[in-house]
>>> print(open('work20.pdb').read())   # PDB, C-alpha atoms
ATOM      1  CA  LEU A   1      11.367  52.574 -24.734
ATOM      2  CA  ASN A   2      12.553  54.977 -27.369
ATOM      3  CA  HIS A   3      15.482  54.364 -29.716
ATOM      4  CA  HIS A   4      15.699  57.947 -30.976
ATOM      5  CA  GLU A   5      15.448  60.188 -27.947
ATOM      6  CA  ASN A   6      17.625  60.103 -24.877
ATOM      7  CA  ASN A   7      15.137  61.839 -22.642
ATOM      8  CA  VAL A   8      12.024  59.842 -23.506
ATOM      9  CA  LEU A   9      10.221  60.917 -20.340
ATOM     10  CA  GLY A  10      10.707  64.582 -21.017
ATOM     11  CA  THR A  11       8.980  66.571 -18.322
ATOM     12  CA  THR A  12       6.675  63.703 -17.292
ATOM     13  CA  ASN A  13       6.628  63.254 -13.561
ATOM     14  CA  LEU A  14       7.681  59.710 -12.537
ATOM     15  CA  LYS A  15       5.087  59.851  -9.763
ATOM     16  CA  VAL A  16       2.383  60.045 -12.410
ATOM     17  CA  LEU A  17       3.710  56.920 -14.123
ATOM     18  CA  GLN A  18       3.962  55.172 -10.771
ATOM     19  CA  SER A  19       0.338  56.051 -10.083
ATOM     20  CA  VAL A  20      -0.725  54.507 -13.390
ATOM     21  CA  VAL A  21       1.318  51.388 -12.622
ATOM     22  CA  ASN A  22      -0.263  51.097  -9.174
ATOM     23  CA  GLN A  23      -3.765  51.337 -10.636
ATOM     24  CA  ALA A  24      -2.962  48.732 -13.301
ATOM     25  CA  SER A  25      -1.513  46.414 -10.657
ATOM     26  CA  LEU A  26      -4.631  46.763  -8.535
ATOM     27  CA  VAL A  27      -6.891  46.007 -11.501
ATOM     28  CA  LEU A  28      -4.878  42.909 -12.400
ATOM     29  CA  ARG A  29      -4.853  41.733  -8.786
ATOM     30  CA  ASN A  30      -8.614  42.156  -8.430
ATOM     31  CA  ALA A  31      -9.237  40.356 -11.727
ATOM     32  CA  THR A  32      -6.971  37.481 -10.675
ATOM     33  CA  LEU A  33      -8.649  37.144  -7.290
ATOM     34  CA  TYR A  34     -12.105  37.273  -8.865
ATOM     35  CA  ASP A  35     -11.188  34.624 -11.431
ATOM     36  CA  ARG A  36      -9.678  32.399  -8.748
ATOM     37  CA  THR A  37     -12.754  32.819  -6.543
ATOM     38  CA  ILE A  38     -15.087  31.893  -9.401
ATOM     39  CA  GLN A  39     -12.984  28.811 -10.198
ATOM     40  CA  LEU A  40     -12.906  27.766  -6.547
ATOM     41  CA  ALA A  41     -16.678  28.138  -6.219
ATOM     42  CA  ALA A  42     -17.243  26.074  -9.368
ATOM     43  CA  ASN A  43     -14.830  23.367  -8.232
ATOM     44  CA  LEU A  44     -16.327  23.209  -4.738
ATOM     45  CA  SER A  45     -19.780  22.929  -6.285
ATOM     46  CA  LEU A  46     -18.564  20.066  -8.479
ATOM     47  CA  ILE A  47     -17.028  18.242  -5.512
ATOM     48  CA  ASN A  48     -20.174  18.753  -3.434
ATOM     49  CA  HIS A  49     -22.253  17.254  -6.243
ATOM     50  CA  SER A  50     -19.882  14.296  -6.396
ATOM     51  CA  VAL A  51     -20.269  13.575  -2.672
ATOM     52  CA  GLN A  52     -23.474  11.614  -3.215
ATOM     53  CA  ASP A  53     -21.931   9.642  -6.066
ATOM     54  CA  VAL A  54     -18.688   8.898  -4.264
ATOM     55  CA  MET A  55     -19.201   8.739  -0.495
ATOM     56  CA  PHE A  56     -22.587   7.016  -0.532
ATOM     57  CA  ASN A  57     -22.175   4.858  -3.608
ATOM     58  CA  LEU A  58     -21.920   1.165  -2.785
ATOM     59  CA  ASP A  59     -20.707   0.393  -6.304
ATOM     60  CA  GLN A  60     -16.960   0.809  -5.780
ATOM     61  CA  GLU A  61     -16.055   0.941  -9.472
ATOM     62  CA  GLU A  62     -18.635   3.629 -10.238
ATOM     63  CA  ALA A  63     -17.556   5.682  -7.217
ATOM     64  CA  LEU A  64     -13.900   5.542  -8.285
ATOM     65  CA  SER A  65     -14.828   6.508 -11.851
ATOM     66  CA  THR A  66     -16.761   9.543 -10.588
ATOM     67  CA  ALA A  67     -13.862  10.573  -8.365
ATOM     68  CA  ALA A  68     -11.363  10.297 -11.222
ATOM     69  CA  LYS A  69     -13.555  12.449 -13.493
ATOM     70  CA  THR A  70     -13.940  15.054 -10.740
ATOM     71  CA  ALA A  71     -10.172  15.160 -10.118
ATOM     72  CA  MET A  72      -9.559  15.658 -13.835
ATOM     73  CA  THR A  73     -12.056  18.513 -13.987
ATOM     74  CA  VAL A  74     -11.016  20.496 -10.897
ATOM     75  CA  THR A  75      -7.313  20.428 -11.853
ATOM     76  CA  ASN A  76      -7.681  20.485 -15.666
ATOM     77  CA  ALA A  77      -5.505  17.373 -15.670
ATOM     78  CA  ASP A  78      -4.771  15.325 -18.787
ATOM     79  CA  GLN A  79      -4.571  11.997 -16.943
ATOM     80  CA  VAL A  80      -5.735  10.631 -13.593
ATOM     81  CA  ALA A  81      -4.874   7.398 -11.801
ATOM     82  CA  ILE A  82      -6.161   5.920  -8.535
ATOM     83  CA  PHE A  83      -4.202   3.203  -6.745
ATOM     84  CA  LEU A  84      -5.154   1.052  -3.753
ATOM     85  CA  LEU A  85      -2.562  -0.215  -1.297
ATOM     86  CA  ASP A  86      -2.619  -3.822  -0.064
ATOM     87  CA  THR A  87      -0.583  -4.533   3.084
ATOM     88  CA  LYS A  88      -1.905  -7.977   4.061
ATOM     89  CA  ASP A  89       1.157 -10.025   3.079
ATOM     90  CA  SER A  90       3.706  -7.708   1.501
ATOM     91  CA  PRO A  91       2.983  -4.075   0.554
ATOM     92  CA  SER A  92       1.684  -3.842  -3.001
ATOM     93  CA  VAL A  93      -0.377  -1.424  -5.057
ATOM     94  CA  ARG A  94      -2.909  -1.997  -7.815
ATOM     95  CA  LEU A  95      -4.407   0.393 -10.308
ATOM     96  CA  VAL A  96      -8.182   0.555  -9.777
ATOM     97  CA  GLN A  97      -9.087   3.494 -12.031
ATOM     98  CA  SER A  98      -7.439   5.560 -14.766
ATOM     99  CA  LEU A  99      -8.549   8.251 -17.202
ATOM    100  CA  GLY A 100      -6.755   9.705 -20.214
ATOM    101  CA  ALA A 101      -3.831   7.277 -20.132
ATOM    102  CA  THR A 102      -2.665   5.575 -23.310
ATOM    103  CA  SER A 103      -2.740   1.792 -23.374
ATOM    104  CA  ALA A 104       1.058   1.663 -23.039
ATOM    105  CA  PHE A 105       1.121   4.014 -20.053
ATOM    106  CA  LYS A 106      -1.851   2.253 -18.455
ATOM    107  CA  ALA A 107       0.072  -1.023 -18.687
ATOM    108  CA  LYS A 108       2.982   0.672 -16.908
ATOM    109  CA  LEU A 109       0.629   2.005 -14.218
ATOM    110  CA  GLU A 110      -0.761  -1.493 -13.682
ATOM    111  CA  ASN A 111       2.754  -2.710 -12.908
ATOM    112  CA  MET A 112       3.630   0.047 -10.436
ATOM    113  CA  GLN A 113       5.551  -1.036  -7.337
ATOM    114  CA  SER A 114       4.674   0.098  -3.817
ATOM    115  CA  GLU A 115       8.235   1.413  -3.391
ATOM    116  CA  TRP A 116       7.398   4.190  -5.853
ATOM    117  CA  PHE A 117       4.975   5.839  -3.447
ATOM    118  CA  SER A 118       5.798   7.677  -0.257
ATOM    119  CA  SER A 119       4.716   6.142   3.072
ATOM    120  CA  ASP A 120       4.643   9.535   4.793
ATOM    121  CA  LEU A 121       1.052  10.485   5.685
ATOM    122  CA  ASP A 122       1.763  14.190   5.267
ATOM    123  CA  ASN A 123       4.026  13.960   2.217
ATOM    124  CA  TYR A 124       2.363  15.061  -1.021
ATOM    125  CA  ARG A 125       4.745  14.472  -3.907
ATOM    126  CA  ILE A 126       4.199  17.433  -6.210
ATOM    127  CA  ILE A 127       6.307  18.027  -9.332
ATOM    128  CA  HIS A 128       5.535  21.306 -11.103
ATOM    129  CA  ASN A 129       8.035  20.792 -13.919
ATOM    130  CA  ILE A 130       9.720  17.511 -14.775
ATOM    131  CA  SER A 131      12.636  19.440 -16.321
ATOM    132  CA  ASN A 132      13.868  20.268 -12.817
ATOM    133  CA  ILE A 133      14.012  16.594 -11.765
ATOM    134  CA  THR A 134      17.107  14.383 -11.877
ATOM    135  CA  ASP A 135      15.475  11.180 -10.576
ATOM    136  CA  GLN A 136      15.826   8.731 -13.479
ATOM    137  CA  ARG A 137      12.753   6.719 -12.472
ATOM    138  CA  VAL A 138      10.576   9.823 -12.547
ATOM    139  CA  LEU A 139      11.996  10.862 -15.921
ATOM    140  CA  GLU A 140      11.336   7.421 -17.420
ATOM    141  CA  TRP A 141       7.804   7.451 -16.019
ATOM    142  CA  ALA A 142       7.210  10.934 -17.449
ATOM    143  CA  GLU A 143       8.497   9.916 -20.874
ATOM    144  CA  SER A 144       6.228   6.875 -20.894
ATOM    145  CA  GLY A 145       3.187   8.900 -19.846
ATOM    146  CA  ASN A 146       4.059  12.030 -21.844
ATOM    147  CA  PHE A 147       3.552  14.378 -18.893
ATOM    148  CA  PHE A 148       5.580  17.259 -17.469
ATOM    149  CA  ALA A 149       3.914  17.685 -14.059
ATOM    150  CA  PHE A 150       2.093  15.514 -11.554
ATOM    151  CA  ALA A 151       0.673  15.573  -8.025
ATOM    152  CA  GLU A 152       0.433  12.480  -5.826
ATOM    153  CA  ILE A 153      -2.089  12.681  -2.959
ATOM    154  CA  PRO A 154      -2.249   9.862  -0.360
ATOM    155  CA  MET A 155      -5.721   8.562   0.544
ATOM    156  CA  ARG A 156      -5.892   8.180   4.323
ATOM    157  CA  SER A 157      -8.239   6.199   6.544
ATOM    158  CA  GLY A 158      -7.397   7.416  10.019
ATOM    159  CA  ASN A 159      -3.629   7.051  10.328
ATOM    160  CA  THR A 160      -3.370   4.473   7.557
ATOM    161  CA  ILE A 161      -2.676   5.100   3.869
ATOM    162  CA  VAL A 162      -5.081   3.002   1.782
ATOM    163  CA  GLY A 163      -4.185   4.343  -1.657
ATOM    164  CA  TYR A 164      -3.072   7.244  -3.830
ATOM    165  CA  LEU A 165      -4.740   9.736  -6.145
ATOM    166  CA  VAL A 166      -2.401  10.991  -8.897
ATOM    167  CA  VAL A 167      -3.096  13.679 -11.520
ATOM    168  CA  PHE A 168      -0.863  14.321 -14.541
ATOM    169  CA  HIS A 169      -0.415  17.365 -16.804
ATOM    170  CA  GLU A 170       1.171  17.295 -20.239
ATOM    171  CA  GLN A 171       2.591  20.779 -19.690
ATOM    172  CA  ALA A 172       4.427  22.243 -16.714
ATOM    173  CA  HIS A 173       1.792  23.093 -14.119
ATOM    174  CA  HIS A 174       1.885  24.994 -10.839
ATOM    175  CA  TYR A 175      -0.250  23.168  -8.251
ATOM    176  CA  HIS A 176      -1.386  25.947  -5.956
ATOM    177  CA  SER A 177      -2.684  25.267  -2.454
ATOM    178  CA  LEU A 178      -6.353  25.476  -3.498
ATOM    179  CA  GLU A 179      -5.915  22.639  -5.989
ATOM    180  CA  ILE A 180      -4.167  20.503  -3.388
ATOM    181  CA  ASP A 181      -6.963  21.188  -0.891
ATOM    182  CA  LEU A 182      -9.570  20.136  -3.474
ATOM    183  CA  LEU A 183      -7.667  16.944  -4.263
ATOM    184  CA  GLU A 184      -7.352  16.187  -0.556
ATOM    185  CA  MET A 185     -11.127  16.621  -0.121
ATOM    186  CA  LEU A 186     -11.681  14.273  -3.044
ATOM    187  CA  SER A 187      -9.245  11.674  -1.704
ATOM    188  CA  SER A 188     -11.127  11.753   1.612
ATOM    189  CA  GLN A 189     -14.386  11.049  -0.242
ATOM    190  CA  ILE A 190     -12.796   8.093  -2.021
ATOM    191  CA  THR A 191     -11.543   6.690   1.283
ATOM    192  CA  VAL A 192     -14.998   6.989   2.868
ATOM    193  CA  ALA A 193     -16.554   5.248  -0.151
ATOM    194  CA  LEU A 194     -14.074   2.376   0.187
ATOM    195  CA  ASP A 195     -14.674   2.123   3.939
ATOM    196  CA  ASN A 196     -18.443   2.121   3.395
ATOM    197  CA  ALA A 197     -18.182  -0.674   0.827
ATOM    198  CA  ASP A 198     -16.009  -2.767   3.160
ATOM    199  CA  LEU A 199     -18.366  -2.145   6.072
ATOM    200  CA  LEU A 200     -21.403  -3.145   4.025
ATOM    201  CA  GLN A 201     -19.692  -6.332   2.888
ATOM    202  CA  ALA A 202     -18.811  -7.224   6.494
ATOM    203  CA  LEU A 203     -22.382  -6.519   7.652
ATOM    204  CA  GLU A 204     -23.850  -8.625   4.850
ATOM    205  CA  LEU A 205     -21.549 -11.525   5.786
ATOM    206  CA  TYR A 206     -22.480 -11.179   9.453
ATOM    207  CA  ALA A 207     -26.208 -11.088   8.628
ATOM    208  CA  SER A 208     -25.841 -14.168   6.425
ATOM    209  CA  GLU A 209     -24.021 -16.067   9.187
ATOM    210  CA  GLN A 210     -26.669 -15.102  11.740
ATOM    211  CA  ALA A 211     -29.425 -16.273   9.387
ATOM    212  CA  GLU A 212     -27.657 -19.629   8.986
ATOM    213  CA  LEU A 213     -27.352 -20.016  12.756
ATOM    214  CA  VAL A 214     -31.037 -19.255  13.263
ATOM    215  CA  HIS A 215     -31.952 -21.784  10.587
ATOM    216  CA  LEU A 216     -29.720 -24.431  12.189
ATOM    217  CA  SER A 217     -31.325 -23.711  15.519
ATOM    218  CA  ASN A 218     -34.791 -24.173  14.024
ATOM    219  CA  ILE A 219     -33.733 -27.462  12.404
ATOM    220  CA  SER A 220     -32.335 -28.862  15.653
ATOM    221  CA  ALA A 221     -35.555 -28.025  17.509
ATOM    222  CA  ALA A 222     -37.944 -29.171  14.779
ATOM    223  CA  SER A 223     -37.618 -32.902  15.412
ATOM    224  CA  LEU A 224     -36.800 -35.340  18.188
ATOM    225  CA  GLU A 225     -35.391 -37.884  15.759
ATOM    226  CA  LEU A 226     -31.614 -37.796  16.140
ATOM    227  CA  GLU A 227     -30.866 -39.201  12.679
ATOM    228  CA  LYS A 228     -33.125 -36.668  10.971
ATOM    229  CA  VAL A 229     -31.636 -33.746  12.939
ATOM    230  CA  ILE A 230     -28.065 -34.849  12.137
ATOM    231  CA  THR A 231     -28.903 -35.274   8.459
ATOM    232  CA  ASP A 232     -30.627 -31.868   8.203
ATOM    233  CA  VAL A 233     -27.819 -30.040  10.052
ATOM    234  CA  SER A 234     -25.143 -31.774   7.932
ATOM    235  CA  GLN A 235     -26.923 -30.782   4.714
ATOM    236  CA  GLN A 236     -27.247 -27.179   5.933
ATOM    237  CA  MET A 237     -23.566 -27.019   6.863
TER     238      MET A 237
END
>>> encode(input="work20.pdb", output="structure tokens")
Amino acid sequence: LNHHENNVLGTTNLKVLQSVVNQASLVLRNATLYDRTIQLAANLSLINHSVQDVMFNLDQEEALSTAAKTAMTVTNADQVAIFLLDTKDSPSVRLVQSLGATSAFKAKLENMQSEWFSSDLDNYRIIHNISNITDQRVLEWAESGNFFAFAEIPMRSGNTIVGYLVVFHEQAHHYHSLEIDLLEMLSSQITVALDNADLLQALELYASEQAELVHLSNISAASLELEKVITDVSQQM
């Protein structure tokens, strides 16, 4: 730009300027790709390290805490919330882990209704900028939580949704496909951890019942006195 000369280019060949622009564009593109690759490698490394703490951790609360911290790190989120879905009687959700939320917003999260979340297995609700949203419920939620962007990732066990992983950003944020892939990997780890905990609990109950049956069998065969056998079995029951 030049405010004093009409012919600011003079005799400069436009092809020369275009060549400079092309080189600058290539440099910027390479730098962006390199930076994105480094970030992806670091995030994948972090998720891989969290596998042991999440997937194979029988302490459900600790596993969920680790997953929430990992989600916050890989997306640079300001807040993270993990919900579990209960469909036994009527569909309901409960907050099982949160990070970064104020006490007021956490109270609101604890009273979330299942109708808020999508039941579509393949539907990731992603809002890059709350300013473009007209849904009053979303706007009220955003005002309460002081965030401008959020991503909601369903946690799936087979073809069933068991919960939701949600990350929040205080500024408008573009969730690119790599971030969504990382969050999906993390949500899968959480689901496996929950399934493992449920399986262990079922196995422990089964083992306890089998031990009781063996003990009852030993009692019934230990004596020929009917009264003593009945008394011992009744006490055991």
>>> residues_around(input="work20.pdb", residues="Ile130 in chain A", least_positions_apart="4", cutoff="12 Å", atoms="only C-alpha atoms", output="PyMOL selection string")
chain A and resi 126+134-143+145-151+168-174
>>> residues_around(input="work20.pdb", residues="range 101-117 of chain A", least_positions_apart="3", cutoff="12 Å", atoms="all atoms listed in the file", output="PyMOL selection string")
chain A and resi 72+77-87+90-98+120-121+123-126+135+137-138+140-147+151-155+161-170
>>> write_last_selection(input="work20.pdb", atoms="C-alpha atoms", output="compact mmCIF listing (two decimals), in the frame of the given file")
# COMPACT_ATOMS: atom_id res chain seq x y z
CA MET A 72 -9.56 15.66 -13.84
CA ALA A 77 -5.50 17.37 -15.67
CA ASP A 78 -4.77 15.32 -18.79
CA GLN A 79 -4.57 12.00 -16.94
CA VAL A 80 -5.74 10.63 -13.59
CA ALA A 81 -4.87 7.40 -11.80
CA ILE A 82 -6.16 5.92 -8.54
CA PHE A 83 -4.20 3.20 -6.74
CA LEU A 84 -5.15 1.05 -3.75
CA LEU A 85 -2.56 -0.22 -1.30
CA ASP A 86 -2.62 -3.82 -0.06
CA THR A 87 -0.58 -4.53 3.08
CA SER A 90 3.71 -7.71 1.50
CA PRO A 91 2.98 -4.08 0.55
CA SER A 92 1.68 -3.84 -3.00
CA VAL A 93 -0.38 -1.42 -5.06
CA ARG A 94 -2.91 -2.00 -7.82
CA LEU A 95 -4.41 0.39 -10.31
CA VAL A 96 -8.18 0.56 -9.78
CA GLN A 97 -9.09 3.49 -12.03
CA SER A 98 -7.44 5.56 -14.77
CA ASP A 120 4.64 9.54 4.79
CA LEU A 121 1.05 10.48 5.68
CA ASN A 123 4.03 13.96 2.22
CA TYR A 124 2.36 15.06 -1.02
CA ARG A 125 4.74 14.47 -3.91
CA ILE A 126 4.20 17.43 -6.21
CA ASP A 135 15.48 11.18 -10.58
CA ARG A 137 12.75 6.72 -12.47
CA VAL A 138 10.58 9.82 -12.55
CA GLU A 140 11.34 7.42 -17.42
CA TRP A 141 7.80 7.45 -16.02
CA ALA A 142 7.21 10.93 -17.45
CA GLU A 143 8.50 9.92 -20.87
CA SER A 144 6.23 6.88 -20.89
CA GLY A 145 3.19 8.90 -19.85
CA ASN A 146 4.06 12.03 -21.84
CA PHE A 147 3.55 14.38 -18.89
CA ALA A 151 0.67 15.57 -8.02
CA GLU A 152 0.43 12.48 -5.83
CA ILE A 153 -2.09 12.68 -2.96
CA PRO A 154 -2.25 9.86 -0.36
CA MET A 155 -5.72 8.56 0.54
CA ILE A 161 -2.68 5.10 3.87
CA VAL A 162 -5.08 3.00 1.78
CA GLY A 163 -4.18 4.34 -1.66
CA TYR A 164 -3.07 7.24 -3.83
CA LEU A 165 -4.74 9.74 -6.14
CA VAL A 166 -2.40 10.99 -8.90
CA VAL A 167 -3.10 13.68 -11.52
CA PHE A 168 -0.86 14.32 -14.54
CA HIS A 169 -0.42 17.36 -16.80
CA GLU A 170 1.17 17.30 -20.24
>>> resolve_selection(input="work20.pdb", expression="the PyMOL selection byres ((chain A and resi 39) around 12)", output="ChimeraX atom specification")
/A:32-38,40-46,73-76,178-179,182
>>> atom_distance(input="work20.pdb", atom1="CA of Ser234 in chain A", atom2="CA of Leu205 in chain A")
20.7 Å
>>> closest_residue(input="work20.pdb", among="A:Ala31, A:Leu99, A:Ser208, A:Leu216", to="Ile230 in chain A", atoms="all atoms listed in the file")
A:Leu216
>>> atom_distance(input="work20.pdb", atom1="CA of Gln189 in chain A", atom2="CA of Ile47 in chain A")
9.3 Å
>>> closest_residue(input="work20.pdb", among="A:Leu1, A:Ile180, A:Val233, A:Val8", to="Leu213 in chain A", atoms="all atoms listed in the file")
A:Val233
>>> atom_distance(input="work20.pdb", atom1="CA of Leu64 in chain A", atom2="CA of Glu209 in chain A")
29.6 Å
>>> residues_around(input="work20.pdb", residues="Asn218 in chain A", least_positions_apart="5", cutoff="12 Å", atoms="all atoms listed in the file", output="PyMOL selection string")
chain A and resi 211-213+223+229+232-233+236
>>> axis_aligned_box(input="work20.pdb", around="range 14-27 of chain A", padding_each_side="8 Å", output="AutoDock Vina command-line options")
--center_x 0.4 --center_y 53.0 --center_z -11.3 --size_x 30.6 --size_y 30.0 --size_z 21.6
>>> closest_residue(input="work20.pdb", among="A:Ala71, A:Thr66, A:Leu226, A:Gln60", to="Val192 in chain A", atoms="all atoms listed in the file")
A:Gln60
>>> closest_residue(input="work20.pdb", among="A:Thr70, A:Asn159, A:Ser187, A:Asn129", to="Tyr175 in chain A", atoms="all atoms listed in the file")
A:Asn129
